[in-house]
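Peer 1: The following file, query.cif, comprises mmCIF, C-alpha atoms (C1' of nucleotides):
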data_run
#
loop_
_atom_site.label_atom_id
_atom_site.label_comp_id
_atom_site.auth_asym_id
_atom_site.auth_seq_id
_atom_site.Cartn_x
_atom_site.Cartn_y
_atom_site.Cartn_z
CA MET A 1 -90.00 -1.39 -45.11
CA GLU A 2 -92.21 -4.03 -43.61
CA LYS A 3 -94.26 -5.06 -46.57
CA GLN A 4 -94.73 -4.05 -50.17
CA VAL A 5 -98.04 -3.48 -51.83
CA ASP A 6 -98.40 -3.06 -55.54
CA PHE A 7 -100.98 -0.46 -56.54
CA TRP A 8 -102.22 -2.29 -59.59
CA SER A 9 -102.51 -5.64 -57.88
CA TYR A 10 -104.40 -3.86 -55.13
CA LEU A 11 -106.86 -2.31 -57.58
CA LYS A 12 -107.37 -5.49 -59.58
CA SER A 13 -107.96 -7.66 -56.54
CA ASN A 14 -110.41 -5.26 -54.88
CA PHE A 15 -112.32 -3.69 -57.75
CA LEU A 16 -113.62 -4.47 -61.20
CA ILE A 17 -111.56 -2.53 -63.66
CA SER A 18 -111.16 -3.29 -67.33
CA GLU A 19 -107.86 -3.46 -69.15
CA SER A 20 -108.67 -0.29 -71.07
CA SER A 21 -109.50 1.65 -67.92
CA GLN A 22 -106.25 0.50 -66.39
CA VAL A 23 -104.34 1.76 -69.38
CA ALA A 24 -106.13 5.09 -69.23
CA LEU A 25 -105.60 5.44 -65.50
CA LYS A 26 -101.90 4.71 -65.82
CA ASP A 27 -101.51 7.97 -67.72
CA ALA A 28 -102.69 9.88 -64.66
CA CYS A 29 -100.26 8.05 -62.38
CA SER A 30 -96.60 8.53 -61.61
CA ILE A 31 -94.19 6.99 -59.14
CA GLN A 32 -92.37 9.05 -56.53
CA LYS A 33 -89.70 8.02 -54.04
CA LEU A 34 -89.49 10.07 -50.87
CA GLN A 35 -87.29 10.25 -47.83
CA LYS A 36 -88.11 10.30 -44.18
CA ASN A 37 -89.26 13.71 -42.88
CA GLU A 38 -89.78 15.07 -46.38
CA VAL A 39 -92.94 17.17 -46.82
CA LEU A 40 -94.78 15.68 -49.75
CA GLN A 41 -97.49 18.36 -49.78
CA PRO A 42 -97.03 21.61 -47.89
CA ILE A 43 -99.61 23.38 -45.76
CA GLY A 44 -101.50 26.01 -47.77
CA HIS A 45 -101.32 24.07 -51.01
CA THR A 46 -104.51 23.01 -52.79
CA CYS A 47 -104.56 19.24 -53.01
CA LYS A 48 -104.40 18.05 -56.60
CA THR A 49 -103.02 14.57 -56.05
CA ILE A 50 -104.21 11.34 -54.52
CA TYR A 51 -101.38 9.16 -53.27
CA PHE A 52 -101.20 5.43 -52.72
CA LEU A 53 -98.38 4.18 -50.50
CA GLU A 54 -96.56 1.17 -51.87
CA GLU A 55 -93.81 1.47 -49.27
CA GLY A 56 -93.26 3.57 -46.20
CA VAL A 57 -95.34 5.66 -43.82
CA ALA A 58 -96.88 9.11 -44.12
CA ARG A 59 -99.19 11.39 -42.18
CA ILE A 60 -101.52 14.33 -42.64
CA PHE A 61 -100.78 17.07 -40.12
CA TYR A 62 -101.65 20.64 -39.27
CA TYR A 63 -101.01 23.20 -36.56
CA LYS A 64 -103.63 23.98 -33.95
CA ASP A 65 -102.54 26.95 -31.80
CA GLY A 66 -98.95 26.25 -32.78
CA ILE A 67 -99.16 22.58 -31.79
CA ASP A 68 -98.41 19.92 -34.39
CA VAL A 69 -101.48 17.69 -34.77
CA THR A 70 -101.63 14.48 -36.80
CA GLU A 71 -104.97 13.86 -38.44
CA TYR A 72 -104.26 10.67 -40.34
CA PHE A 73 -101.63 7.98 -40.79
CA ALA A 74 -101.05 6.01 -43.98
CA LEU A 75 -99.06 2.79 -44.15
CA GLU A 76 -98.34 0.47 -47.06
CA GLY A 77 -101.53 -0.20 -48.99
CA ASP A 78 -103.29 2.97 -47.82
CA PHE A 79 -104.37 6.01 -49.79
CA ILE A 80 -103.52 9.46 -48.55
CA ALA A 81 -105.04 12.74 -49.71
CA ARG A 82 -106.37 15.87 -48.09
CA ALA A 83 -109.96 15.24 -49.05
CA GLU A 84 -111.38 18.52 -47.74
CA SER A 85 -109.08 20.40 -50.10
CA LEU A 86 -109.45 17.95 -52.97
CA PHE A 87 -113.25 18.04 -53.01
CA ALA A 88 -113.73 21.69 -52.14
CA ARG A 89 -110.81 22.75 -54.38
CA THR A 90 -109.59 25.15 -51.73
CA PRO A 91 -106.15 25.50 -50.11
CA SER A 92 -105.59 23.05 -47.30
CA LYS A 93 -104.44 24.07 -43.86
CA LYS A 94 -102.94 20.60 -43.68
CA GLY A 95 -99.80 19.04 -45.08
CA ILE A 96 -98.53 15.57 -45.88
CA GLN A 97 -95.25 14.42 -44.41
CA ILE A 98 -93.26 11.24 -44.93
CA LEU A 99 -92.42 9.38 -41.71
CA GLU A 100 -90.53 6.45 -43.26
CA ASP A 101 -88.81 6.37 -46.66
CA ALA A 102 -91.63 5.88 -49.10
CA LYS A 103 -92.56 4.89 -52.60
CA VAL A 104 -95.89 6.32 -53.67
CA ILE A 105 -98.15 6.24 -56.69
CA ALA A 106 -99.31 9.80 -57.35
CA VAL A 107 -102.65 10.14 -59.14
CA ASP A 108 -103.13 13.53 -60.76
CA VAL A 109 -106.68 14.56 -60.02
CA ASN A 110 -107.09 16.95 -62.93
CA MET A 111 -106.36 14.08 -65.25
CA LEU A 112 -108.44 11.80 -63.07
CA TYR A 113 -111.46 14.08 -63.30
CA GLN A 114 -111.15 14.03 -67.08
CA LEU A 115 -111.09 10.25 -66.96
CA TYR A 116 -114.27 10.36 -64.88
CA ASP A 117 -116.00 11.78 -67.97
CA THR A 118 -114.63 9.24 -70.40
CA HIS A 119 -114.43 6.14 -68.19
CA HIS A 120 -117.45 5.64 -66.00
CA GLU A 121 -115.63 2.70 -64.43
CA ILE A 122 -112.81 4.90 -63.14
CA GLU A 123 -115.24 7.33 -61.53
CA ARG A 124 -116.87 4.34 -59.87
CA LEU A 125 -113.52 3.02 -58.67
CA PHE A 126 -112.72 6.23 -56.84
CA ARG A 127 -116.25 6.62 -55.60
CA LEU A 128 -115.85 3.26 -53.88
CA ILE A 129 -112.41 4.10 -52.55
CA PHE A 130 -113.67 7.30 -50.97
CA GLU A 131 -116.82 5.68 -49.65
CA SER A 132 -114.62 3.32 -47.75
CA ALA A 133 -112.50 6.20 -46.43
CA TYR A 134 -115.72 7.92 -45.38
CA VAL A 135 -116.77 4.89 -43.36
CA ASP A 136 -113.40 4.88 -41.57
CA THR A 137 -113.88 8.53 -40.70
CA ILE A 138 -117.33 7.93 -39.27
CA GLN A 139 -115.91 5.21 -37.07
CA ARG A 140 -113.24 7.55 -35.88
CA ILE A 141 -115.85 10.07 -34.78
CA GLU A 142 -117.53 7.36 -32.76
CA SER A 143 -114.28 6.63 -31.00
CA PHE A 144 -113.95 10.30 -30.05
CA GLN A 145 -117.54 10.74 -29.02
CA PHE A 146 -117.64 8.50 -26.00
CA ASN A 147 -114.41 6.62 -25.52
CA SER A 148 -111.76 7.65 -23.03
CA ALA A 149 -108.24 8.32 -24.26
CA GLU A 150 -107.27 4.93 -22.85
CA GLU A 151 -109.99 3.15 -24.83
CA ARG A 152 -108.94 4.95 -27.99
CA TYR A 153 -105.34 3.90 -27.46
CA LEU A 154 -106.29 0.28 -26.79
CA ASP A 155 -108.42 0.27 -29.95
CA LEU A 156 -105.47 1.57 -31.91
CA ILE A 157 -103.22 -1.19 -30.59
CA LYS A 158 -105.89 -3.74 -31.40
CA ASN A 159 -106.75 -2.55 -34.90
CA HIS A 160 -103.64 -0.77 -36.12
CA LYS A 161 -100.75 -2.39 -34.32
CA ASN A 162 -98.33 -1.22 -37.00
CA ILE A 163 -99.12 2.39 -36.34
CA VAL A 164 -98.19 2.01 -32.71
CA ARG A 165 -95.09 0.01 -33.55
CA ARG A 166 -93.67 2.27 -36.22
CA ILE A 167 -94.73 5.81 -35.44
CA PRO A 168 -93.37 8.18 -32.77
CA LEU A 169 -95.65 8.45 -29.76
CA LYS A 170 -95.97 12.20 -30.00
CA HIS A 171 -97.75 11.79 -33.31
CA ILE A 172 -99.93 9.02 -31.97
CA ALA A 173 -100.86 11.19 -29.01
CA SER A 174 -102.12 14.07 -31.14
CA TYR A 175 -103.87 11.60 -33.45
CA LEU A 176 -105.78 10.37 -30.40
CA GLY A 177 -106.53 13.93 -29.33
CA ILE A 178 -104.39 13.94 -26.19
CA THR A 179 -101.01 15.26 -25.10
CA GLN A 180 -97.92 13.12 -25.24
CA VAL A 181 -97.62 13.26 -21.46
CA SER A 182 -101.10 11.88 -21.12
CA LEU A 183 -100.39 9.04 -23.54
CA SER A 184 -97.24 8.18 -21.64
CA ARG A 185 -99.26 7.97 -18.44
CA ILE A 186 -101.78 5.67 -20.10
CA ARG A 187 -99.05 3.42 -21.41
CA SER A 188 -97.45 3.02 -18.01
CA LYS A 189 -100.82 2.28 -16.46
CA ILE A 190 -101.82 -0.54 -18.81
CA LYS A 191 -98.45 -2.30 -18.77
CA MET B 1 -141.39 23.86 -39.57
CA GLU B 2 -139.01 26.76 -40.06
CA LYS B 3 -138.37 26.50 -43.73
CA GLN B 4 -139.22 24.25 -46.62
CA VAL B 5 -136.75 22.84 -49.08
CA ASP B 6 -137.81 21.09 -52.22
CA PHE B 7 -135.61 18.12 -53.12
CA TRP B 8 -135.75 18.66 -56.86
CA SER B 9 -135.07 22.36 -56.69
CA TYR B 10 -132.18 21.55 -54.42
CA LEU B 11 -130.69 19.05 -56.89
CA LYS B 12 -131.22 21.25 -59.91
CA SER B 13 -129.68 24.31 -58.30
CA ASN B 14 -126.63 22.50 -56.94
CA PHE B 15 -125.82 19.88 -59.57
CA LEU B 16 -125.96 19.30 -63.28
CA ILE B 17 -128.64 16.74 -63.90
CA SER B 18 -130.45 16.17 -67.17
CA GLU B 19 -134.20 15.91 -67.55
CA SER B 20 -133.96 12.21 -68.37
CA SER B 21 -131.85 11.48 -65.29
CA GLN B 22 -134.36 13.34 -63.18
CA VAL B 23 -137.16 11.24 -64.56
CA ALA B 24 -135.22 8.04 -63.92
CA LEU B 25 -134.29 9.09 -60.41
CA LYS B 26 -137.88 9.93 -59.57
CA ASP B 27 -138.72 6.25 -59.86
CA ALA B 28 -136.36 5.47 -57.01
CA CYS B 29 -137.87 8.16 -54.81
CA SER B 30 -140.93 8.26 -52.61
CA ILE B 31 -142.34 10.76 -50.15
CA GLN B 32 -142.90 9.91 -46.50
CA LYS B 33 -144.51 11.93 -43.74
CA LEU B 34 -143.36 11.17 -40.22
CA GLN B 35 -144.23 12.24 -36.72
CA LYS B 36 -142.07 13.45 -33.89
CA ASN B 37 -140.29 10.65 -32.00
CA GLU B 38 -141.02 8.10 -34.70
CA VAL B 39 -138.15 5.76 -35.51
CA LEU B 40 -137.64 5.97 -39.23
CA GLN B 41 -134.96 3.26 -39.33
CA PRO B 42 -134.46 0.93 -36.36
CA ILE B 43 -131.13 -0.15 -34.89
CA GLY B 44 -129.97 -3.45 -36.37
CA HIS B 45 -131.47 -2.78 -39.76
CA THR B 46 -129.29 -2.67 -42.87
CA CYS B 47 -129.58 0.76 -44.42
CA LYS B 48 -131.17 0.61 -47.86
CA THR B 49 -132.47 4.15 -48.11
CA ILE B 50 -131.02 7.61 -48.39
CA TYR B 51 -133.33 10.30 -47.06
CA PHE B 52 -133.55 13.98 -47.83
CA LEU B 53 -135.41 16.14 -45.34
CA GLU B 54 -137.82 18.59 -46.88
CA GLU B 55 -139.37 19.44 -43.52
CA GLY B 56 -138.58 18.61 -39.93
CA VAL B 57 -135.61 17.38 -37.94
CA ALA B 58 -134.05 13.92 -37.57
CA ARG B 59 -131.02 12.33 -35.95
CA ILE B 60 -128.85 9.25 -36.17
CA PHE B 61 -128.39 7.66 -32.74
CA TYR B 62 -127.00 4.55 -31.06
CA TYR B 63 -126.40 3.20 -27.61
CA LYS B 64 -122.96 3.19 -26.07
CA ASP B 65 -122.95 1.28 -22.76
CA GLY B 66 -126.68 1.84 -22.50
CA ILE B 67 -126.38 5.59 -23.05
CA ASP B 68 -128.23 7.22 -25.95
CA VAL B 69 -125.69 8.92 -28.21
CA THR B 70 -126.54 11.19 -31.15
CA GLU B 71 -124.11 10.95 -34.03
CA TYR B 72 -125.71 13.30 -36.53
CA PHE B 73 -128.50 15.83 -36.89
CA ALA B 74 -130.36 16.57 -40.10
CA LEU B 75 -132.49 19.66 -40.65
CA GLU B 76 -134.42 20.84 -43.69
CA GLY B 77 -132.26 20.53 -46.78
CA ASP B 78 -129.97 17.86 -45.30
CA PHE B 79 -129.48 14.26 -46.31
CA ILE B 80 -129.56 11.53 -43.70
CA ALA B 81 -128.37 7.95 -44.09
CA ARG B 82 -126.28 5.50 -42.09
CA ALA B 83 -123.38 5.51 -44.48
CA GLU B 84 -121.34 2.82 -42.71
CA SER B 85 -124.22 0.39 -43.21
CA LEU B 86 -125.12 1.62 -46.67
CA PHE B 87 -121.64 1.24 -48.11
CA ALA B 88 -120.60 -1.89 -46.24
CA ARG B 89 -124.06 -3.46 -46.69
CA THR B 90 -124.03 -4.66 -43.11
CA PRO B 91 -126.60 -4.16 -40.31
CA SER B 92 -126.22 -0.84 -38.55
CA LYS B 93 -125.92 -0.47 -34.81
CA LYS B 94 -127.47 2.94 -35.34
CA GLY B 95 -131.02 4.12 -35.91
CA ILE B 96 -132.74 7.17 -37.36
CA GLN B 97 -135.30 9.00 -35.29
CA ILE B 98 -137.55 11.93 -36.13
CA LEU B 99 -137.25 14.87 -33.73
CA GLU B 100 -139.79 17.19 -35.39
CA ASP B 101 -142.65 16.17 -37.67
CA ALA B 102 -141.00 15.54 -40.98
CA LYS B 103 -141.53 15.17 -44.69
CA VAL B 104 -138.76 13.20 -46.34
CA ILE B 105 -137.82 12.03 -49.80
CA ALA B 106 -136.73 8.40 -49.53
CA VAL B 107 -134.29 7.20 -52.18
CA ASP B 108 -134.22 3.43 -52.55
CA VAL B 109 -130.58 2.47 -52.88
CA ASN B 110 -131.14 -0.83 -54.66
CA MET B 111 -132.87 1.08 -57.41
CA LEU B 112 -130.31 3.82 -57.14
CA TYR B 113 -127.43 1.39 -57.65
CA GLN B 114 -129.14 0.12 -60.79
CA LEU B 115 -129.41 3.69 -62.01
CA TYR B 116 -125.68 4.09 -61.39
CA ASP B 117 -125.15 1.54 -64.16
CA THR B 118 -127.49 3.14 -66.64
CA HIS B 119 -127.06 6.83 -65.77
CA HIS B 120 -123.49 7.87 -65.22
CA GLU B 121 -124.81 11.29 -64.23
CA ILE B 122 -126.75 9.90 -61.29
CA GLU B 123 -123.74 8.06 -59.94
CA ARG B 124 -121.83 11.31 -60.20
CA LEU B 125 -124.58 13.19 -58.41
CA PHE B 126 -124.42 10.91 -55.39
CA ARG B 127 -120.64 10.75 -55.51
CA LEU B 128 -120.61 14.51 -55.10
CA ILE B 129 -123.23 14.44 -52.37
CA PHE B 130 -121.25 11.94 -50.33
CA GLU B 131 -117.96 13.70 -50.96
CA SER B 132 -119.45 16.72 -49.35
CA ALA B 133 -120.69 14.66 -46.41
CA TYR B 134 -117.21 13.20 -46.11
CA VAL B 135 -115.70 16.67 -45.84
CA ASP B 136 -118.14 17.56 -43.06
CA THR B 137 -117.11 14.44 -41.19
CA ILE B 138 -113.42 15.26 -41.47
CA GLN B 139 -114.11 18.68 -40.03
CA ARG B 140 -115.97 17.11 -37.17
CA ILE B 141 -112.96 14.97 -36.31
CA GLU B 142 -110.84 18.09 -36.17
CA SER B 143 -113.25 19.63 -33.71
CA PHE B 144 -112.92 16.58 -31.47
CA GLN B 145 -109.19 16.28 -31.77
CA PHE B 146 -108.11 19.44 -30.01
CA ASN B 147 -111.06 21.58 -29.06
CA SER B 148 -112.49 21.70 -25.58
CA ALA B 149 -116.16 20.91 -25.06
CA GLU B 150 -116.78 24.63 -24.70
CA GLU B 151 -115.12 25.39 -28.04
CA ARG B 152 -117.15 22.66 -29.72
CA TYR B 153 -120.35 24.10 -28.30
CA LEU B 154 -119.47 27.64 -29.37
CA ASP B 155 -118.69 26.36 -32.88
CA LEU B 156 -122.05 24.67 -32.98
CA ILE B 157 -123.83 27.88 -32.00
CA LYS B 158 -121.85 29.76 -34.62
CA ASN B 159 -122.27 27.33 -37.50
CA HIS B 160 -125.49 25.48 -36.75
CA LYS B 161 -127.60 27.85 -34.72
CA ASN B 162 -130.76 26.00 -35.69
CA ILE B 163 -129.53 22.78 -34.12
CA VAL B 164 -129.06 24.52 -30.79
CA ARG B 165 -132.38 26.30 -31.09
CA ARG B 166 -134.54 23.36 -32.04
CA ILE B 167 -133.02 20.25 -30.50
CA PRO B 168 -133.12 19.10 -26.85
CA LEU B 169 -129.86 19.75 -25.04
CA LYS B 170 -129.41 16.15 -24.01
CA HIS B 171 -129.01 15.23 -27.67
CA ILE B 172 -126.68 18.11 -28.33
CA ALA B 173 -124.54 17.07 -25.36
CA SER B 174 -123.98 13.54 -26.64
CA TYR B 175 -123.40 14.90 -30.15
CA LEU B 176 -120.58 17.00 -28.68
CA GLY B 177 -119.24 14.00 -26.78
CA ILE B 178 -120.05 15.28 -23.30
CA THR B 179 -122.68 14.70 -20.63
CA GLN B 180 -125.71 16.87 -20.34
CA VAL B 181 -124.58 18.10 -16.94
CA SER B 182 -121.34 19.25 -18.46
CA LEU B 183 -123.11 21.07 -21.28
CA SER B 184 -125.38 22.77 -18.80
CA ARG B 185 -122.33 23.95 -16.86
CA ILE B 186 -120.77 25.33 -20.04
CA ARG B 187 -123.95 27.16 -20.94
CA SER B 188 -124.21 28.85 -17.57
CA LYS B 189 -120.54 29.85 -17.78
CA ILE B 190 -120.68 31.55 -21.18
CA LYS B 191 -123.87 33.48 -20.52
"C1'" DC C 1 -67.52 7.61 -30.76
"C1'" DC C 2 -69.14 11.90 -28.85
"C1'" DA C 3 -72.13 15.80 -28.73
"C1'" DA C 4 -76.41 17.38 -29.84
"C1'" DT C 5 -80.88 16.68 -30.63
"C1'" DT C 6 -85.07 14.28 -30.29
"C1'" DA C 7 -88.15 11.06 -27.96
"C1'" DC C 8 -90.15 9.38 -23.91
"C1'" DT C 9 -91.23 9.18 -18.97
"C1'" DT C 10 -92.28 10.80 -14.36
"C1'" DA C 11 -93.92 14.03 -10.93
"C1'" DT C 12 -96.73 17.86 -9.32
"C1'" DC C 13 -100.45 20.80 -9.56
"C1'" DA C 14 -104.43 23.03 -12.20
"C1'" DT C 15 -108.38 22.48 -15.01
"C1'" DT C 16 -111.87 20.10 -17.27
"C1'" DT C 17 -115.16 16.72 -17.43
"C1'" DG C 18 -117.71 12.77 -15.31
"C1'" DT C 19 -120.87 10.95 -11.66
"C1'" DT C 20 -124.52 11.13 -8.66
"C1'" DA C 21 -128.25 13.26 -6.56
"C1'" DA C 22 -131.74 16.60 -6.00
"C1'" DA C 23 -134.78 20.11 -7.39
"C1'" DG C 24 -137.23 23.31 -10.38
"C1'" DG C 25 -139.34 24.01 -15.12
"C1'" DA C 26 -141.54 22.66 -19.10
"C1'" DT C 27 -144.39 19.65 -21.70
"C1'" DT C 28 -147.46 15.95 -22.53
"C1'" DT C 29 -151.35 13.21 -21.67
"C1'" DC C 30 -155.54 11.95 -19.98
"C1'" DG D 1 -156.07 21.43 -15.38
"C1'" DA D 2 -153.73 17.92 -12.62
"C1'" DA D 3 -150.60 14.18 -12.76
"C1'" DA D 4 -147.02 12.28 -14.83
"C1'" DT D 5 -143.17 12.50 -17.49
"C1'" DC D 6 -139.39 14.64 -19.49
"C1'" DC D 7 -135.94 18.40 -19.71
"C1'" DT D 8 -132.63 21.36 -17.61
"C1'" DT D 9 -129.96 23.23 -13.97
"C1'" DT D 10 -127.19 23.22 -9.79
"C1'" DA D 11 -124.10 21.36 -6.32
"C1'" DA D 12 -120.54 18.39 -4.35
"C1'" DC D 13 -117.13 15.24 -5.06
"C1'" DA D 14 -114.27 11.96 -8.11
"C1'" DA D 15 -111.64 10.91 -12.10
"C1'" DA D 16 -109.34 12.06 -16.30
"C1'" DT D 17 -106.57 15.03 -18.79
"C1'" DG D 18 -103.70 19.32 -19.43
"C1'" DA D 19 -99.51 22.23 -18.31
"C1'" DT D 20 -95.12 22.71 -16.82
"C1'" DA D 21 -90.79 21.14 -15.53
"C1'" DA D 22 -87.14 18.02 -15.09
"C1'" DG D 23 -84.81 13.89 -15.96
"C1'" DT D 24 -83.65 9.62 -18.62
"C1'" DA D 25 -83.28 7.08 -22.95
"C1'" DA D 26 -82.66 6.78 -27.81
"C1'" DT D 27 -81.24 8.56 -32.21
"C1'" DT D 28 -78.77 11.39 -35.32
"C1'" DG D 29 -75.00 13.79 -37.40
"C1'" DG D 30 -70.41 15.05 -37.45
#
Could the structure of this file be written out as structure tokens, please?

Peer 2:
Amino acid sequence: MEKQVDFWSYLKSNFLISESSQVALKDACSIQKLQKNEVLQPIGHTCKTIYFLEEGVARIFYYKDGIDVTEYFALEGDFIARAESLFARTPSKKGIQILEDAKVIAVDVNMLYQLYDTHHEIERLFRLIFESAYVDTIQRIESFQFNSAEERYLDLIKNHKNIVRRIPLKHIASYLGITQVSLSRIRSKIK
Amino acid sequence: MEKQVDFWSYLKSNFLISESSQVALKDACSIQKLQKNEVLQPIGHTCKTIYFLEEGVARIFYYKDGIDVTEYFALEGDFIARAESLFARTPSKKGIQILEDAKVIAVDVNMLYQLYDTHHEIERLFRLIFESAYVDTIQRIESFQFNSAEERYLDLIKNHKNIVRRIPLKHIASYLGITQVSLSRIRSKIK
DNA sequence: CCAATTACTTATCATTTGTTAAAGGATTTC
DNA sequence: GAAATCCTTTAACAAATGATAAGTAATTGG
């Protein structure tokens, strides 16, 4: 529980959103408390919720040839959702798991999509949120395209120190696209 | 010039868009004809245009340690834009180059953003377009995370045969995150 | 507090991919 | 159509990463 981020303060300080849109959006939101290791959204489930982490840590994961692979980490102040399932409205082969006791704001997307029709401003809000997530994803592709595993790890330390500090190395390894043994080797080399 | 895709037919058949929105959007659009090897958008330029390819082939590229790297290919019927620059409104370290004589629809984003305010429907249209691009990008990360170069190449043949058929291998190699020599080796192995 | 489990490291060897260099094909340009 | 340039392949060796196994450290649950 390193820091606490309030969803509504976050929205108000980063986006323009009227009082009436806030009130409307609140109806689509609920608070959930979750414990370490809990699976918030199981594999095979069609994503119908966007989460915002106020406290704790979570990850998106899936199995590739029986191996547990982490695709994404969320810390306090991050959104987490399986976008491929959300946008395509198909079952996801990925799940969401809690890595540290968490408090999340759950946004129901069916209600959210209805609000898109009635509150242009809310549609814009989430457009901007996902545009920013899209940019992060593009940058991640770059890091895979022509950086060595060592460079990717050093970047992670530099830009997301809290991930490295708080999350088991095995998950970080798969996130970086390497085995845990390989990450361990890299760590001992750069020390 | 394998096929031809009309921008407006494409929009009308894939999205709900009223006659009046179409008329408004047309004002933000222009047609450009470009020749092979031409640089449509130079490196260092802040992206202010979204392109749709009606004919031809284009790529997004950048230099990593002096090496030419292709990040994205667009064929007929694809959009192409440097999203990280577009959304962050910062200069891009990437450029757009034409690989086969092309005819593109250029959408001016300054005008487009104004239309977002007046035509909710147009904002939605581009939200959906970029959501779909976002999903593609997530899938690309997956392919990097735990597929070998050979698997990535086989996937490309399977899912984007036209890329392999029409684009020089050196560009395909960097797109896959490997050297051209390595791609050549893979090709001779799987034959 | 102990036993069991989970997390991390180290070592060895195999495989994949990178690097460099050279050569043969294909394409472009004049 | 010849020269020049660009594209692709091949080969030999180097470096990075994977696979397996074993051991140590840390954490968890009773």

Peer 1: Quick check on the file I pasted: which residues fall under the PyMOL selection byres ((chain A) within 9 of (chain C))? Write them as a PyMOL selection string.

Peer 2: chain A and resi 168-170+180-181+184-185+188

Peer 1: Could you write out as an mmCIF file with C-alpha atoms, in the frame of the given file the residues that the PyMOL selection byres ((chain A) within 9 of (chain D)) matches in the shown file?

Peer 2:
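Just written: result-v2.cif:
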data_model
loop_
_atom_site.group_PDB
_atom_site.id
_atom_site.type_symbol
_atom_site.label_atom_id
_atom_site.label_comp_id
_atom_site.auth_asym_id
_atom_site.auth_seq_id
_atom_site.Cartn_x
_atom_site.Cartn_y
_atom_site.Cartn_z
ATOM 1 C CA SER A 148 -111.760 7.650 -23.030
ATOM 2 C CA ALA A 149 -108.240 8.320 -24.260
ATOM 3 C CA ILE A 178 -104.390 13.940 -26.190
ATOM 4 C CA THR A 179 -101.010 15.260 -25.100
ATOM 5 C CA VAL A 181 -97.620 13.260 -21.460
ATOM 6 C CA SER A 182 -101.100 11.880 -21.120
#

Peer 1: Work out how far atom CA of A:Leu16 is from atom CA of A:Thr118, in Å to one decimal.

Peer 2: 16.5 Å

Peer 1: Counting all atoms listed in the file, which residues of chain B sit at most 7 Å from some atom of chain A, and what is each one's closest atom pair with its distance in Å to one decimal, listed by chain and rising residue number, as CSV?

Peer 2:
residue,atom,partner,partner_atom,distance
B:Ala83,CA,A:Val135,CA,6.7
B:Glu84,CA,A:Val135,CA,5.1
B:Phe87,CA,A:Glu131,CA,6.7
B:His120,CA,A:His120,CA,6.5
B:Arg127,CA,A:Arg127,CA,6.0
B:Glu131,CA,A:Phe87,CA,6.7
B:Tyr134,CA,A:Tyr134,CA,5.5
B:Val135,CA,A:Glu84,CA,5.1
B:Thr137,CA,A:Thr137,CA,6.8
B:Ile138,CA,A:Thr137,CA,6.8
B:Ile141,CA,A:Ile141,CA,5.9
B:Phe144,CA,A:Phe144,CA,6.5
B:Gln145,CA,A:Gly177,CA,4.3
B:Phe146,CA,A:Gly177,CA,5.8
B:Leu176,CA,A:Gln145,CA,7.0
B:Gly177,CA,A:Gln145,CA,4.3

Peer 1: Find the residue from B:Asp155, B:Glu150, B:Glu54, B:Asp101 that sits nearest to B:Gly77; use only C-alpha atoms when measuring.

Peer 2: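 Ranked by minimum distance to B:Gly77, first place goes to B:Glu54.
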
Peer 1: Any idea what the distance is between atom CA of A:Pro42 and atom CA of B:Asn159?

Peer 2: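 Going from atom CA of A:Pro42 over to atom CA of B:Asn159 covers 27.9 Å.
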
Peer 1: What is the atom CA of B:Trp8-atom CA of B:Lys161 distance in Å, reported with one decimal?

Peer 2: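 One can read the atom CA of B:Trp8 to atom CA of B:Lys161 distance as 25.3 Å.
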
Peer 1: Identify, on the basis of all atoms listed in the file, every residue whose closest approach to A:Leu11 does not exceed 10 Å; exclude the query and any residue fewer than 5 positions from it along the same chain; express the result as a compact mmCIF listing (two decimals) with C-alpha atoms, in the frame of the given file.

Peer 2:
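Now in result-v1.txt:
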# COMPACT_ATOMS: atom_id res chain seq x y z
CA ASP A 6 -98.40 -3.06 -55.54
CA LEU A 16 -113.62 -4.47 -61.20
CA ILE A 17 -111.56 -2.53 -63.66
CA GLN A 22 -106.25 0.50 -66.39
CA LEU A 125 -113.52 3.02 -58.67
CA ILE A 129 -112.41 4.10 -52.55

Peer 1: Within 6 Å of (-136.4, 17.6, -40.0) in the file's own coordinates, which protein, DNA or RNA residues have an atom, counting only C-alpha atoms (C1' of nucleotides)? List them as a list in words.

Peer 2: Leu53, Glu55, Gly56, Val57, Ala58, Leu75, Glu76, Glu100 and Ala102 of chain B

Peer 1: Could the residues in this selection be written to a file with C-alpha atoms, as an mmCIF file, in the frame of the given file?

Peer 2:
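Result saved to again_11.cif:
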data_model
loop_
_atom_site.group_PDB
_atom_site.id
_atom_site.type_symbol
_atom_site.label_atom_id
_atom_site.label_comp_id
_atom_site.auth_asym_id
_atom_site.auth_seq_id
_atom_site.Cartn_x
_atom_site.Cartn_y
_atom_site.Cartn_z
ATOM 1 C CA LEU B 53 -135.410 16.140 -45.340
ATOM 2 C CA GLU B 55 -139.370 19.440 -43.520
ATOM 3 C CA GLY B 56 -138.580 18.610 -39.930
ATOM 4 C CA VAL B 57 -135.610 17.380 -37.940
ATOM 5 C CA ALA B 58 -134.050 13.920 -37.570
ATOM 6 C CA LEU B 75 -132.490 19.660 -40.650
ATOM 7 C CA GLU B 76 -134.420 20.840 -43.690
ATOM 8 C CA GLU B 100 -139.790 17.190 -35.390
ATOM 9 C CA ALA B 102 -141.000 15.540 -40.980
#

Peer 1: Can you pull out every residue within 10 Å of B:Leu115, counting all atoms listed in the file, but drop anything in the same chain fewer than 6 positions away, and send it as a ChimeraX atom specification?

Peer 2: /B:21,24-25,27-28,109,121-123
